[in-house]
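Undergrad: If it helps, the file is called coords21.txt and holds compact mmCIF, C-alpha atoms:
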```
# COMPACT_ATOMS: atom_id res chain seq x y z
CA PRO A 333 11.43 22.16 -2.50
CA THR A 334 11.17 19.39 -5.06
CA ARG A 335 8.12 19.69 -7.28
CA LEU A 336 6.42 16.45 -8.14
CA PRO A 337 3.68 15.92 -10.71
CA VAL A 338 0.76 14.07 -9.17
CA GLN A 339 -1.92 12.29 -11.14
CA ARG A 340 -5.28 11.09 -9.96
CA LEU A 341 -6.41 7.58 -10.81
CA VAL A 342 -9.99 7.80 -12.08
CA ARG A 343 -12.10 4.72 -11.36
CA ARG A 344 -15.67 3.89 -12.27
CA HIS A 345 -16.14 1.23 -9.58
CA ARG A 346 -14.33 -0.31 -6.62
CA THR A 347 -15.69 -3.84 -6.43
CA ALA A 348 -13.51 -5.88 -8.75
CA LEU A 349 -9.91 -6.90 -8.29
CA ALA A 350 -9.46 -6.28 -11.98
CA ALA A 351 -10.10 -2.57 -11.51
CA ALA A 352 -7.74 -2.29 -8.58
CA VAL A 353 -4.95 -4.15 -10.35
CA VAL A 354 -5.25 -3.18 -13.99
CA LEU A 355 -6.14 0.49 -13.82
CA PRO A 356 -2.72 1.62 -12.56
CA VAL A 357 -1.25 -0.05 -15.65
CA ALA A 358 -3.86 1.61 -17.83
CA VAL A 359 -3.10 4.97 -16.32
CA ALA A 360 0.61 4.46 -16.83
CA SER A 361 -0.01 3.79 -20.50
CA GLY A 362 -2.17 6.88 -20.85
CA ALA A 363 -5.55 5.15 -21.22
CA LEU A 364 -7.16 6.93 -18.28
CA MET A 365 -4.58 9.58 -17.60
CA SER A 366 -5.88 12.74 -16.01
CA SER A 367 -4.47 16.13 -16.75
CA MET A 368 -1.94 17.27 -14.19
CA ARG A 369 -0.31 20.36 -12.82
CA GLN A 370 2.89 20.91 -10.88
CA MET A 371 2.36 20.64 -7.13
CA ASP A 372 3.82 23.48 -5.07
CA GLY A 373 1.84 23.00 -1.85
CA SER A 374 -0.68 25.73 -2.64
CA ASP A 375 -2.68 24.25 -5.48
CA GLY A 376 -4.01 20.87 -6.49
CA PRO A 377 -4.16 19.01 -9.78
CA SER A 378 -7.00 19.44 -12.19
CA VAL A 379 -8.71 16.11 -12.78
CA SER A 380 -10.14 15.36 -16.18
CA SER A 381 -12.88 12.94 -17.13
CA PRO A 382 -11.88 9.42 -18.22
CA ALA A 383 -10.86 8.93 -21.82
CA PRO A 384 -13.38 7.40 -24.25
CA GLU A 385 -13.98 3.74 -23.54
CA ASP A 386 -11.94 2.12 -26.30
CA PRO A 387 -12.49 -1.67 -26.03
CA ASP A 388 -8.76 -2.22 -26.58
CA GLU A 389 -7.94 -0.07 -23.54
CA MET A 390 -10.53 -1.36 -21.08
CA PRO A 391 -9.37 -3.35 -18.03
CA LEU A 392 -9.48 -7.13 -18.27
CA PRO A 393 -10.34 -9.26 -15.21
CA LEU A 394 -7.49 -11.19 -13.63
CA THR A 395 -9.73 -13.09 -11.21
CA SER A 396 -13.35 -14.16 -11.03
CA TYR A 397 -13.46 -16.31 -7.92
CA PRO A 398 -16.40 -16.54 -5.52
CA GLY A 399 -16.11 -14.40 -2.43
CA VAL A 400 -14.06 -11.23 -1.94
CA GLU A 401 -10.67 -10.48 -3.52
CA ALA A 402 -8.76 -7.38 -2.43
CA ASP A 403 -5.36 -5.74 -1.73
CA PRO A 404 -3.65 -6.60 -5.05
CA ALA A 405 0.13 -6.19 -5.30
CA TRP A 406 2.24 -6.80 -8.42
CA SER A 407 5.51 -8.70 -8.10
CA PRO A 408 8.63 -6.69 -9.04
CA ASP A 409 8.95 -8.56 -12.36
CA GLY A 410 5.26 -8.02 -13.19
CA ARG A 411 4.60 -11.73 -13.67
CA GLN A 412 2.63 -12.43 -10.50
CA VAL A 413 0.06 -10.66 -8.37
CA ALA A 414 -0.44 -11.24 -4.65
CA PHE A 415 -3.88 -10.59 -3.25
CA VAL A 416 -6.22 -11.28 -0.36
CA TRP A 417 -9.11 -13.72 -0.80
CA ASN A 418 -11.57 -15.22 1.66
CA GLY A 419 -11.65 -18.43 -0.37
CA LYS A 420 -14.47 -20.55 -1.66
CA THR A 421 -15.88 -20.99 1.84
CA GLY A 422 -15.68 -17.30 2.77
CA LYS A 423 -14.23 -18.16 6.19
CA ASP A 424 -10.84 -16.42 6.50
CA PHE A 425 -8.93 -13.88 4.43
CA ASP A 426 -5.57 -15.31 3.36
CA ILE A 427 -2.74 -14.32 1.02
CA TYR A 428 -2.74 -15.85 -2.47
CA VAL A 429 -0.42 -15.46 -5.47
CA LEU A 430 -1.59 -15.75 -9.07
CA THR A 431 0.90 -16.22 -11.89
CA LEU A 432 -0.27 -14.48 -15.05
CA GLY A 433 -1.55 -16.96 -17.60
CA GLU A 434 -2.65 -19.46 -14.95
CA SER A 435 -6.19 -19.92 -13.67
CA GLU A 436 -5.64 -21.11 -10.09
CA PRO A 437 -3.85 -19.07 -7.42
CA ARG A 438 -1.31 -20.41 -4.94
CA ARG A 439 -2.33 -20.08 -1.29
CA LEU A 440 0.44 -18.79 0.99
CA THR A 441 -1.24 -18.41 4.41
CA THR A 442 -3.70 -20.55 6.35
CA ALA A 443 -3.73 -19.22 9.95
CA GLU A 444 -6.83 -17.98 11.76
CA GLY A 445 -7.46 -14.27 11.49
CA ALA A 446 -7.41 -11.92 8.53
CA ASP A 447 -4.15 -11.75 6.53
CA LEU A 448 -4.11 -8.45 4.65
CA GLN A 449 -2.00 -5.91 2.74
CA PRO A 450 0.59 -8.15 0.98
CA ALA A 451 3.77 -6.32 -0.08
CA TRP A 452 6.57 -7.82 -2.20
CA SER A 453 10.22 -7.50 -1.26
CA PRO A 454 12.35 -5.68 -3.86
CA ASP A 455 13.90 -8.99 -5.01
CA GLY A 456 10.51 -10.73 -5.22
CA ARG A 457 11.49 -13.50 -2.80
CA TRP A 458 9.33 -12.49 0.15
CA ILE A 459 5.89 -11.11 0.88
CA ALA A 460 5.22 -9.09 4.02
CA TYR A 461 1.68 -8.77 5.32
CA GLN A 462 -0.32 -7.87 8.41
CA ARG A 463 -2.56 -10.17 10.40
CA GLY A 464 -5.21 -9.32 12.89
CA PRO A 465 -6.79 -9.41 15.08
CA ASP A 466 -5.96 -13.06 15.80
CA PRO A 467 -8.13 -15.16 18.14
CA ALA A 468 -6.21 -13.72 21.12
CA GLY A 469 -6.92 -10.15 19.99
CA PHE A 470 -3.39 -9.26 18.80
CA TRP A 471 -2.20 -7.72 15.54
CA SER A 472 1.06 -8.79 13.88
CA VAL A 473 3.34 -8.39 10.86
CA HIS A 474 4.67 -11.47 9.07
CA LEU A 475 6.99 -12.57 6.27
CA VAL A 476 6.39 -15.55 4.00
CA SER A 477 8.32 -16.81 0.99
CA SER A 478 6.59 -15.98 -2.28
CA ALA A 479 7.11 -19.66 -3.19
CA GLY A 480 5.28 -20.80 -0.06
CA GLY A 481 6.32 -22.29 3.27
CA GLU A 482 6.24 -21.33 6.94
CA ASP A 483 5.78 -17.69 7.80
CA ARG A 484 7.88 -15.62 10.22
CA GLU A 485 6.40 -13.22 12.74
CA LEU A 486 8.25 -9.89 12.89
CA LEU A 487 6.04 -7.89 15.22
CA ARG A 488 3.12 -8.55 17.57
CA ARG A 489 1.20 -5.98 19.55
CA ALA A 490 -2.11 -5.27 21.25
CA ALA A 491 -2.85 -2.17 19.16
CA PRO A 492 -3.64 -2.39 15.43
CA VAL A 493 -1.07 -2.46 12.65
CA GLY A 494 -1.88 -1.59 9.06
CA ASP A 495 -0.21 -0.99 5.73
CA VAL A 496 3.26 -2.38 5.02
CA GLU A 497 5.99 -1.09 2.65
CA TRP A 498 9.57 -2.28 2.00
CA SER A 499 12.79 -0.31 2.22
CA ARG A 500 14.71 -0.32 -1.07
CA ASP A 501 17.54 -2.44 0.39
CA GLY A 502 15.05 -5.07 1.60
CA ARG A 503 16.30 -4.88 5.19
CA SER A 504 13.38 -3.06 6.80
CA LEU A 505 9.65 -2.50 6.55
CA ILE A 506 7.65 0.68 6.96
CA VAL A 507 4.58 -0.25 9.01
CA GLN A 508 1.51 1.72 10.02
CA MET A 509 1.05 1.29 13.79
CA VAL A 510 -1.65 2.76 16.01
CA ARG A 511 -0.58 4.26 19.32
CA THR A 512 -1.97 2.43 22.33
CA SER A 513 -2.71 5.67 24.17
CA ARG A 514 -4.35 8.07 21.70
CA ARG A 515 -5.32 5.59 18.94
CA VAL A 516 -3.53 7.71 16.34
CA ALA A 517 -1.61 5.97 13.52
CA ASP A 518 2.05 6.70 12.76
CA LEU A 519 4.54 5.13 10.35
CA TRP A 520 7.43 3.12 11.81
CA LYS A 521 10.58 1.50 10.50
CA VAL A 522 10.71 -2.19 11.51
CA PRO A 523 14.11 -3.88 10.86
CA LEU A 524 13.97 -7.48 9.67
CA ASP A 525 16.96 -8.42 11.84
CA GLY A 526 15.00 -7.92 15.05
CA GLY A 527 16.21 -4.39 15.76
CA ILE A 528 14.11 -1.89 17.69
CA PRO A 529 11.38 -0.20 15.58
CA ARG A 530 11.83 3.54 15.02
CA ARG A 531 9.17 6.12 14.29
CA VAL A 532 9.32 7.68 10.80
CA THR A 533 6.28 9.99 11.00
CA ARG A 534 4.35 11.39 13.93
CA ALA A 535 0.82 12.46 13.13
CA PRO A 536 -0.89 15.26 15.08
CA ASP A 537 -2.63 13.96 18.18
CA ASP A 538 -6.11 15.06 17.09
CA ILE A 539 -6.40 13.22 13.74
CA VAL A 540 -6.82 9.63 12.54
CA GLY A 541 -3.18 9.39 11.51
CA ASP A 542 -0.66 8.49 8.82
CA MET A 543 -1.15 5.47 6.55
CA ARG A 544 -0.61 4.02 3.04
CA PRO A 545 3.21 4.37 2.93
CA ALA A 546 4.74 4.35 -0.55
CA LEU A 547 8.51 4.74 -0.90
CA SER A 548 9.87 6.23 -4.13
CA PRO A 549 11.92 3.95 -6.41
CA ASP A 550 15.16 5.66 -5.36
CA GLY A 551 14.22 5.39 -1.68
CA ARG A 552 14.54 9.13 -1.04
CA MET A 553 10.90 10.21 -0.76
CA LEU A 554 8.12 8.66 1.29
CA ALA A 555 4.57 9.36 0.13
CA PHE A 556 1.73 8.61 2.52
CA CYS A 557 -1.84 9.59 3.31
CA ARG A 558 -2.51 11.75 6.34
CA LYS A 559 -6.10 11.14 7.36
CA THR A 560 -7.65 13.91 9.44
CA ALA A 561 -11.24 12.61 9.63
CA TRP A 562 -13.59 10.10 8.04
CA ARG A 563 -13.22 10.35 4.23
CA THR A 564 -10.79 13.24 4.63
CA ALA A 565 -7.16 12.58 3.67
CA GLU A 566 -4.38 14.07 1.57
CA VAL A 567 -1.05 12.85 0.21
CA PHE A 568 2.02 14.08 2.08
CA LEU A 569 5.67 13.75 1.03
CA LEU A 570 8.59 13.23 3.41
CA GLU A 571 12.23 13.16 2.37
CA VAL A 572 14.10 10.27 4.01
CA THR A 573 17.67 8.98 4.14
CA PRO A 574 18.61 5.51 2.80
CA ASP A 575 18.20 4.33 6.43
CA LEU A 576 14.64 5.76 6.49
CA GLU A 577 15.52 8.62 8.81
CA PRO A 578 13.21 11.60 8.17
CA VAL A 579 14.74 14.76 6.71
CA GLY A 580 12.69 17.78 7.72
CA GLU A 581 8.90 17.75 8.05
CA PRO A 582 6.28 16.20 5.74
CA ARG A 583 4.73 18.57 3.23
CA GLN A 584 1.24 18.33 1.80
CA ALA A 585 1.18 17.45 -1.91
CA THR A 586 -2.56 17.33 -2.66
CA HIS A 587 -5.58 19.48 -1.79
CA LEU A 588 -8.46 17.32 -3.00
CA GLY A 589 -10.44 16.43 0.12
CA PHE A 590 -9.95 12.66 0.06
CA VAL A 591 -7.26 10.62 -1.66
CA ASP A 592 -6.04 7.08 -1.02
CA ARG A 593 -3.42 4.48 -1.97
CA PRO A 594 -0.57 6.50 -3.52
CA VAL A 595 1.62 4.53 -5.93
CA TRP A 596 4.85 5.69 -7.59
CA MET A 597 5.51 5.44 -11.29
CA PRO A 598 8.59 3.26 -11.98
CA ASP A 599 10.77 6.27 -12.83
CA GLY A 600 9.72 8.10 -9.66
CA SER A 601 8.50 11.17 -11.56
CA ARG A 602 4.79 10.85 -10.76
CA LEU A 603 2.37 9.51 -8.18
CA LEU A 604 -0.87 7.73 -8.92
CA PHE A 605 -3.62 7.61 -6.33
CA GLU A 606 -7.30 6.98 -5.89
```
Can you present the structure in this file as structure tokens?
TA:
Amino acid sequence: PTRLPVQRLVRRHRTALAAAVVLPVAVASGALMSSMRQMDGSDGPSVSSPAPEDPDEMPLPLTSYPGVEADPAWSPDGRQVAFVWNGKTGKDFDIYVLTLGESEPRRLTTAEGADLQPAWSPDGRWIAYQRGPDPAGFWSVHLVSSAGGEDRELLRRAAPVGDVEWSRDGRSLIVQMVRTSRRVADLWKVPLDGGIPRRVTRAPDDIVGDMRPALSPDGRMLAFCRKTAWRTAEVFLLEVTPDLEPVGEPRQATHLGFVDRPVWMPDGSRLLFE
């Protein structure tokens, strides 16, 4: 099997958007890089303490708005960041985009209900996100232009949907969807052309489920978190075809108790996670 170095993202706090956005960049540059070991399914990485707090390497805040800012996502060109904010009134969570160097974000969504988990298309033209529950009690997945405009509903269902990831050709999404019967989450391929969704992973019936999909830059490996209980989750890796068909079974890549939000390095050689 392919051996993949995995690195743990060490964070001092979880409250600021600056930490969630900037620390992956800091880790990539080596500022807070933990020591790592090759993963072979039987051992986990050793995690070192953070590096000395050099003022030149500390995270800088991108936002300081009133309310709650969350779910940051960098644009493919690194010039913009999409995020969720409940605004100055604190009423609804909507999707905003901030261009680096500017002080005011651009609001993309305005509908009732919480708009969460923005994800950029590979070409940077579109942002996919999940909404729900809406006033009628349904969850849905939407697309909106990163420049603004009307959104497009791709999927609507009575059971919850969660994290969203793009295929590398930009023709499909990988969406976390909870089964209506057992309330277990699996990952599904959702074509943008209206095709029938197809299951990519099937979690065991007695756990919380599969979530946090992260497709490798070459589109051949899907990383995700398999959550077995409250605050108990590990990163799994699943080889997939260019059409997101699974090849074999997922294999466990970490043994740390609880990990979250895996993110690939641009060259696909490492994973960062919380």
Undergrad: Report as a ChimeraX atom specification all protein, DNA and RNA residues lying within 12 Å of Pro408 of chain A, evaluated on all atoms listed in the file, omitting residues in the same chain fewer than 6 positions from it.
TA: /A:414,451-459,478,498,500,549,598
Undergrad: Name the closest residue to Asp518 of chain A among the candidates A:Leu603, A:Ala490, A:Val595, A:Cys557; distances are taken between atoms, counting all atoms listed in the file.
TA: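 Smallest separation from Asp518 of chain A among the options: A:Cys557.
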Undergrad: Could you tell me which of A:Asp592, A:Asp538, A:Asp599, A:Glu577 comes closest to Ala555 of chain A if we count only C-alpha atoms?
TA: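 Answer, going by the shortest atom-to-atom distance: A:Asp592.
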Undergrad: Record the distance separating atom CA of Leu547 of chain A and atom CA of Trp596 of chain A, expressed in Å with one decimal.
TA: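 Atom CA of Trp596 of chain A lies at a distance of 7.7 Å from atom CA of Leu547 of chain A.
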Undergrad: Pick out the residues sitting within 8 Å of segment 440-446 of chain A, and hand them over as a PyMOL selection string; count all atoms listed in the file, and ignore anything fewer than 5 positions along from it in its own chain.
TA: chain A and resi 424-429+463-467+476+478-481+483
Undergrad: I'd like the contact shell of Val516 of chain A - 7 Å cut-off, only C-alpha atoms, skipping same-chain residues fewer than 4 positions apart - returned as number ranges by chain.
TA: A: 510-511, 537, 539-541
Undergrad: Between A:Arg438, A:Arg531, A:Arg411, A:His474, which is the closest to Pro578 of chain A once you count all atoms listed in the file?
TA: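 Answer, going by the shortest atom-to-atom distance: A:Arg531.
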Undergrad: Rounded to one decimal, what separation in Å do you get between atom CA of Arg439 of chain A and atom CA of Tyr397 of chain A?
TA: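 Atom CA of Arg439 of chain A sits 13.5 Å away from atom CA of Tyr397 of chain A.
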Undergrad: I'd like the interatomic distance between atom CA of Thr560 of chain A and atom CA of Leu604 of chain A, to a tenth of an Å.
TA: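 Answer for the atom CA of Thr560 of chain A to atom CA of Leu604 of chain A separation: 20.5 Å.
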Undergrad: Point out the residue among A:Ala565, A:Leu432, A:Val507, A:Ile528 with the least atom-to-atom distance to Trp406 of chain A, counting only C-alpha atoms.
TA: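 Closest to Trp406 of chain A, using only C-alpha atoms: A:Leu432.
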Undergrad: Tell me which protein, DNA and RNA residues are within 9 Å of Leu486 of chain A, counting all atoms listed in the file, leaving out same-chain ones fewer than 2 positions away, and put them as a PyMOL selection string.
TA: chain A and resi 472-475+484+488+522-526
Undergrad: Which residue, A:Glu485, A:Asp542, A:Asp550, A:Glu401, has the smallest gap to Gln508 of chain A when you use all atoms listed in the file?
TA: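 Distance minimum relative to Gln508 of chain A lands on A:Asp542.
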Undergrad: Pick out the closest residue to Trp417 of chain A from this set: A:Pro404, A:Gly600, A:Pro529, A:Pro582. Count all atoms listed in the file.
TA: A:Pro404
